[in-house]
file structure-v5.txt (compact mmCIF, C-alpha atoms)
# COMPACT_ATOMS: atom_id res chain seq x y z
CA MET K 1 17.17 117.50 35.85
CA ARG K 2 18.45 113.92 35.54
CA PHE K 3 21.54 114.85 37.61
CA ARG K 4 19.38 116.27 40.43
CA LEU K 5 17.21 113.14 40.47
CA ALA K 6 20.28 110.91 40.57
CA VAL K 7 21.79 112.92 43.44
CA ALA K 8 18.48 112.86 45.32
CA GLY K 9 18.31 109.08 44.88
CA VAL K 10 21.82 108.66 46.25
CA LEU K 11 21.08 110.96 49.22
CA LEU K 12 17.90 109.02 49.99
CA ALA K 13 19.78 105.72 49.77
CA LEU K 14 22.64 106.76 52.06
CA PRO K 15 20.80 106.23 55.39
CA PHE K 16 19.87 102.70 54.26
CA ALA K 17 23.17 101.78 52.63
CA GLY K 18 24.56 100.27 55.82
CA ALA K 19 21.52 97.99 56.15
CA LEU K 20 22.02 96.36 52.73
CA PRO K 21 24.89 94.26 51.42
CA ALA K 22 27.11 96.16 48.98
CA SER K 23 25.91 94.04 46.04
CA GLN K 24 22.29 95.11 46.63
CA VAL K 25 23.27 98.76 46.92
CA ALA K 26 25.13 98.47 43.60
CA ASN K 27 22.10 96.81 42.01
CA ALA K 28 19.80 99.50 43.34
CA GLN K 29 22.01 102.12 41.74
CA GLN K 30 21.98 100.28 38.41
CA VAL K 31 18.18 100.16 38.36
CA GLY K 32 18.09 103.97 38.48
CA ASN K 33 20.21 104.30 35.33
CA LEU K 34 17.66 105.00 32.60
CA ASP K 35 20.31 104.95 29.88
CA ALA K 36 21.52 101.41 30.66
CA PRO K 37 20.71 98.77 28.02
CA ALA K 38 17.96 96.28 28.85
CA PRO K 39 19.36 93.10 30.44
CA LYS K 40 19.73 90.07 28.18
CA PRO K 41 17.48 87.12 29.04
CA LYS K 42 19.15 84.14 30.69
CA SER K 43 17.75 81.90 27.98
CA PHE K 44 16.92 83.12 24.50
CA VAL K 45 14.90 79.99 23.66
CA VAL K 46 12.17 78.38 25.76
CA TYR K 47 11.16 74.72 25.43
CA ALA K 48 7.51 73.82 26.13
CA THR K 49 7.45 70.19 27.21
CA GLU K 50 4.11 68.44 27.14
CA PRO K 51 3.18 64.76 27.48
CA GLN K 52 2.25 63.12 24.18
CA ASN K 53 0.58 59.85 23.21
CA VAL K 54 1.49 57.66 20.24
CA PRO K 55 0.44 54.17 19.10
CA ALA K 56 2.80 51.45 20.35
CA GLY K 57 4.92 49.73 17.73
CA LYS K 58 3.96 52.13 14.91
CA ARG K 59 5.93 54.97 13.38
CA SER K 60 4.70 58.23 14.91
CA GLU K 61 5.91 61.81 15.15
CA LEU K 62 6.49 63.61 18.41
CA GLU K 63 6.52 67.41 18.40
CA LEU K 64 9.09 69.50 20.27
CA HIS K 65 7.84 73.06 20.68
CA PHE K 66 10.26 75.96 21.09
CA ARG K 67 9.87 79.74 21.28
CA VAL K 68 12.59 82.30 20.64
CA VAL K 69 12.28 85.27 23.01
CA ASP K 70 10.90 88.40 21.31
CA GLY K 71 13.58 90.64 19.82
CA PHE K 72 15.96 87.75 19.12
CA HIS K 73 16.48 85.09 16.45
CA VAL K 74 18.58 81.93 16.21
CA ASN K 75 20.20 80.46 13.13
CA SER K 76 18.19 77.67 11.54
CA HIS K 77 19.57 74.12 11.49
CA THR K 78 20.98 74.91 8.02
CA PRO K 79 22.43 78.43 8.17
CA LYS K 80 23.58 79.96 4.88
CA SER K 81 27.21 80.24 6.03
CA GLU K 82 29.49 77.64 7.58
CA LEU K 83 30.69 80.42 9.91
CA LEU K 84 27.28 80.51 11.60
CA ILE K 85 26.35 78.11 14.40
CA PRO K 86 23.33 75.96 13.48
CA THR K 87 20.48 75.17 15.84
CA GLN K 88 20.79 71.46 16.63
CA ILE K 89 19.19 68.97 18.95
CA THR K 90 21.19 66.03 20.26
CA LEU K 91 19.14 63.21 21.81
CA GLN K 92 20.29 60.37 24.07
CA PRO K 93 19.16 56.82 23.26
CA ALA K 94 16.19 55.62 25.32
CA ALA K 95 15.22 52.00 26.05
CA GLY K 96 12.27 50.82 24.00
CA VAL K 97 12.43 53.79 21.63
CA LYS K 98 13.79 53.78 18.09
CA ALA K 99 14.22 57.41 17.05
CA GLU K 100 14.73 58.48 13.45
CA ALA K 101 16.36 61.69 12.20
CA LEU K 102 14.84 64.90 13.54
CA GLN K 103 12.79 66.97 11.10
CA TYR K 104 13.57 70.66 11.47
CA PRO K 105 11.29 73.35 10.05
CA ALA K 106 12.43 75.62 7.25
CA GLY K 107 13.98 78.84 8.48
CA THR K 108 12.79 82.34 7.65
CA SER K 109 14.85 84.70 5.51
CA TYR K 110 16.21 87.60 7.58
CA SER K 111 18.40 90.57 6.69
CA PHE K 112 19.78 93.56 8.56
CA SER K 113 18.83 97.10 7.61
CA PHE K 114 22.50 98.00 7.13
CA ASP K 115 22.96 95.21 4.52
CA PRO K 116 19.63 94.09 3.02
CA THR K 117 21.44 92.01 0.36
CA GLU K 118 22.77 89.50 2.92
CA LYS K 119 20.06 87.01 3.85
CA LEU K 120 20.24 84.75 6.89
CA ASP K 121 18.15 81.63 7.52
CA VAL K 122 16.74 81.92 11.06
CA TYR K 123 14.08 80.86 13.52
CA SER K 124 12.18 83.51 15.46
CA GLY K 125 8.99 83.27 17.49
CA ALA K 126 7.61 79.72 17.74
CA PHE K 127 9.06 76.76 15.87
CA THR K 128 8.46 73.01 16.07
CA VAL K 129 10.90 70.17 15.50
CA LYS K 130 9.42 66.73 14.76
CA LEU K 131 10.88 63.50 16.10
CA PRO K 132 9.79 60.32 14.30
CA VAL K 133 9.78 57.33 16.67
CA VAL K 134 8.70 53.72 16.97
CA ALA K 135 8.22 52.85 20.63
CA ASP K 136 7.34 49.84 22.75
CA ALA K 137 4.20 50.13 24.89
CA GLY K 138 4.72 52.21 28.03
CA THR K 139 5.85 55.63 29.18
CA HIS K 140 9.15 56.88 27.77
CA THR K 141 11.50 59.78 28.38
CA VAL K 142 14.05 60.91 25.81
CA ASP K 143 16.64 63.39 27.10
CA GLY K 144 18.59 65.74 24.92
CA THR K 145 20.08 69.17 24.39
CA LEU K 146 19.24 72.04 22.07
CA ARG K 147 22.35 74.00 21.07
CA TYR K 148 21.82 77.41 19.50
CA GLN K 149 23.28 80.87 19.07
CA ALA K 150 20.96 83.81 19.59
CA CYS K 151 21.32 87.20 17.93
CA ASP K 152 19.43 90.47 17.95
CA HIS K 153 19.54 93.29 15.40
CA ALA K 154 22.97 94.42 16.61
CA ALA K 155 24.96 91.44 17.92
CA CYS K 156 25.22 87.68 18.34
CA TYR K 157 25.74 86.15 21.77
CA PRO K 158 27.80 83.13 22.86
CA PRO K 159 26.23 79.75 22.02
CA LYS K 160 23.95 78.23 24.66
CA SER K 161 22.62 74.78 25.46
CA LEU K 162 19.07 74.12 26.62
CA PRO K 163 18.09 70.77 28.21
CA VAL K 164 15.25 69.03 26.37
CA GLN K 165 13.15 66.22 27.78
CA VAL K 166 10.54 64.49 25.60
CA ILE K 167 7.98 62.54 27.65
CA PHE K 168 5.45 60.36 25.86
CA THR K 169 3.31 57.26 26.26
CA ALA K 170 2.98 54.54 23.62
CA LYS K 171 -0.33 52.65 23.89
call {"tool": "encode", "arguments": {"input": "structure-v5.txt", "output": "structure tokens"}}
result
Amino acid sequence: MRFRLAVAGVLLALPFAGALPASQVANAQQVGNLDAPAPKPKSFVVYATEPQNVPAGKRSELELHFRVVDGFHVNSHTPKSELLIPTQITLQPAAGVKAEALQYPAGTSYSFSFDPTEKLDVYSGAFTVKLPVVADAGTHTVDGTLRYQACDHAACYPPKSLPVQVIFTAK
């Protein structure tokens, strides 16, 4: 049955094949393959930037909110093996802002069904990193990068970098 449907789809596509670029025809054929694995997301972690307010000249904490795409996890900032790539944020200095060391949340213990004795320390779902700052009065922007390695239940993917921009006002 699947073979007949695939042949019918190709026969229906033939009259239109000349009207589409070859790359679109190839993509149309891939969409019809029900056995193909689901495509990987372009980014496994999403950063939710939101303006924040802090008192000027006083130590305050800014919150950086991240969400790991469902079905994936990333190593925590302190993975249990030196062979694993930690999740880390690197921030650039900003005028009028004295930033202290980032405060990462504790990871969650995770193990695979094929080896429940091996525990990993990971982030999944939503997690928040805190950035202690003392800032001069005014609006500030701190740029940075989140570096992480995402994995699912079967594989780990090449490390990625996600731009991070923290915007806040000190009053």
call {"tool": "closest_atom_pairs", "arguments": {"input": "structure-v5.txt", "of": "range 61-140 of chain K", "to": "range 155-164 of chain K", "cutoff": "9 Å", "atoms": "all atoms listed in the file", "output": "Markdown table"}}
result
| residue | atom | partner | partner_atom | distance |
| --- | --- | --- | --- | --- |
| K:Leu64 | CA | K:Val164 | CA | 8.7 |
| K:Ile85 | CA | K:Pro159 | CA | 7.8 |
| K:Ile89 | CA | K:Val164 | CA | 8.4 |
| K:Leu91 | CA | K:Val164 | CA | 8.4 |
call {"tool": "closest_residue", "arguments": {"input": "structure-v5.txt", "among": "K:His153, K:His140, K:His73, K:Arg147", "to": "Pro51 in chain K", "atoms": "all atoms listed in the file"}}
result
K:His140
call {"tool": "residues_around", "arguments": {"input": "structure-v5.txt", "residues": "Tyr123 in chain K", "least_positions_apart": "5", "cutoff": "6 Å", "atoms": "only C-alpha atoms", "output": "list in words"}}
result
His73, Val74, Ser76 and Gly107 of chain K
call {"tool": "closest_residue", "arguments": {"input": "structure-v5.txt", "among": "K:Leu83, K:Ser60, K:Leu102, K:Ala95", "to": "Val129 in chain K", "atoms": "only C-alpha atoms"}}
result
K:Leu102
call {"tool": "atom_distance", "arguments": {"input": "structure-v5.txt", "atom1": "CA of Gly125 in chain K", "atom2": "CA of Ala101 in chain K"}}
result
23.4 Å
call {"tool": "atom_distance", "arguments": {"input": "structure-v5.txt", "atom1": "CA of Arg67 in chain K", "atom2": "CA of Pro55 in chain K"}}
result
27.3 Å
call {"tool": "closest_residue", "arguments": {"input": "structure-v5.txt", "among": "K:Thr169, K:Ser43, K:Gln92, K:Gln103", "to": "Lys130 in chain K", "atoms": "only C-alpha atoms"}}
result
K:Gln103
call {"tool": "residues_around", "arguments": {"input": "structure-v5.txt", "residues": "Ile167 in chain K", "least_positions_apart": "3", "cutoff": "10 Å", "atoms": "all atoms listed in the file", "output": "PyMOL selection string"}}
result
chain K and resi 49-53+62+139-143+164
call {"tool": "closest_residue", "arguments": {"input": "structure-v5.txt", "among": "K:Tyr110, K:Phe168, K:Tyr104, K:Phe72", "to": "Ala154 in chain K", "atoms": "all atoms listed in the file"}}
result
K:Phe72
call {"tool": "closest_residue", "arguments": {"input": "structure-v5.txt", "among": "K:Pro86, K:Pro79, K:Gly96, K:Pro116", "to": "Gly138 in chain K", "atoms": "all atoms listed in the file"}}
result
K:Gly96
call {"tool": "atom_distance", "arguments": {"input": "structure-v5.txt", "atom1": "CA of Asp115 in chain K", "atom2": "CA of Phe44 in chain K"}}
result
24.1 Å
call {"tool": "axis_aligned_box", "arguments": {"input": "structure-v5.txt", "around": "range 70-80 of chain K", "padding_each_side": "5 Å", "output": "AutoDock Vina command-line options"}}
result
--center_x 17.2 --center_y 82.4 --center_z 13.1 --size_x 22.7 --size_y 26.5 --size_z 26.4
call {"tool": "residues_near_point", "arguments": {"input": "structure-v5.txt", "point": "(18.0, 81.5, 21.2)", "cutoff": "6 Å", "atoms": "only C-alpha atoms", "output": "list in words"}}
result
Phe44, Val45, Val68, Val74, Tyr148, Gln149 and Ala150 of chain K
call {"tool": "closest_residue", "arguments": {"input": "structure-v5.txt", "among": "K:Val134, K:Ala56, K:Val166, K:Ala48", "to": "Glu100 in chain K", "atoms": "all atoms listed in the file"}}
result
K:Val134
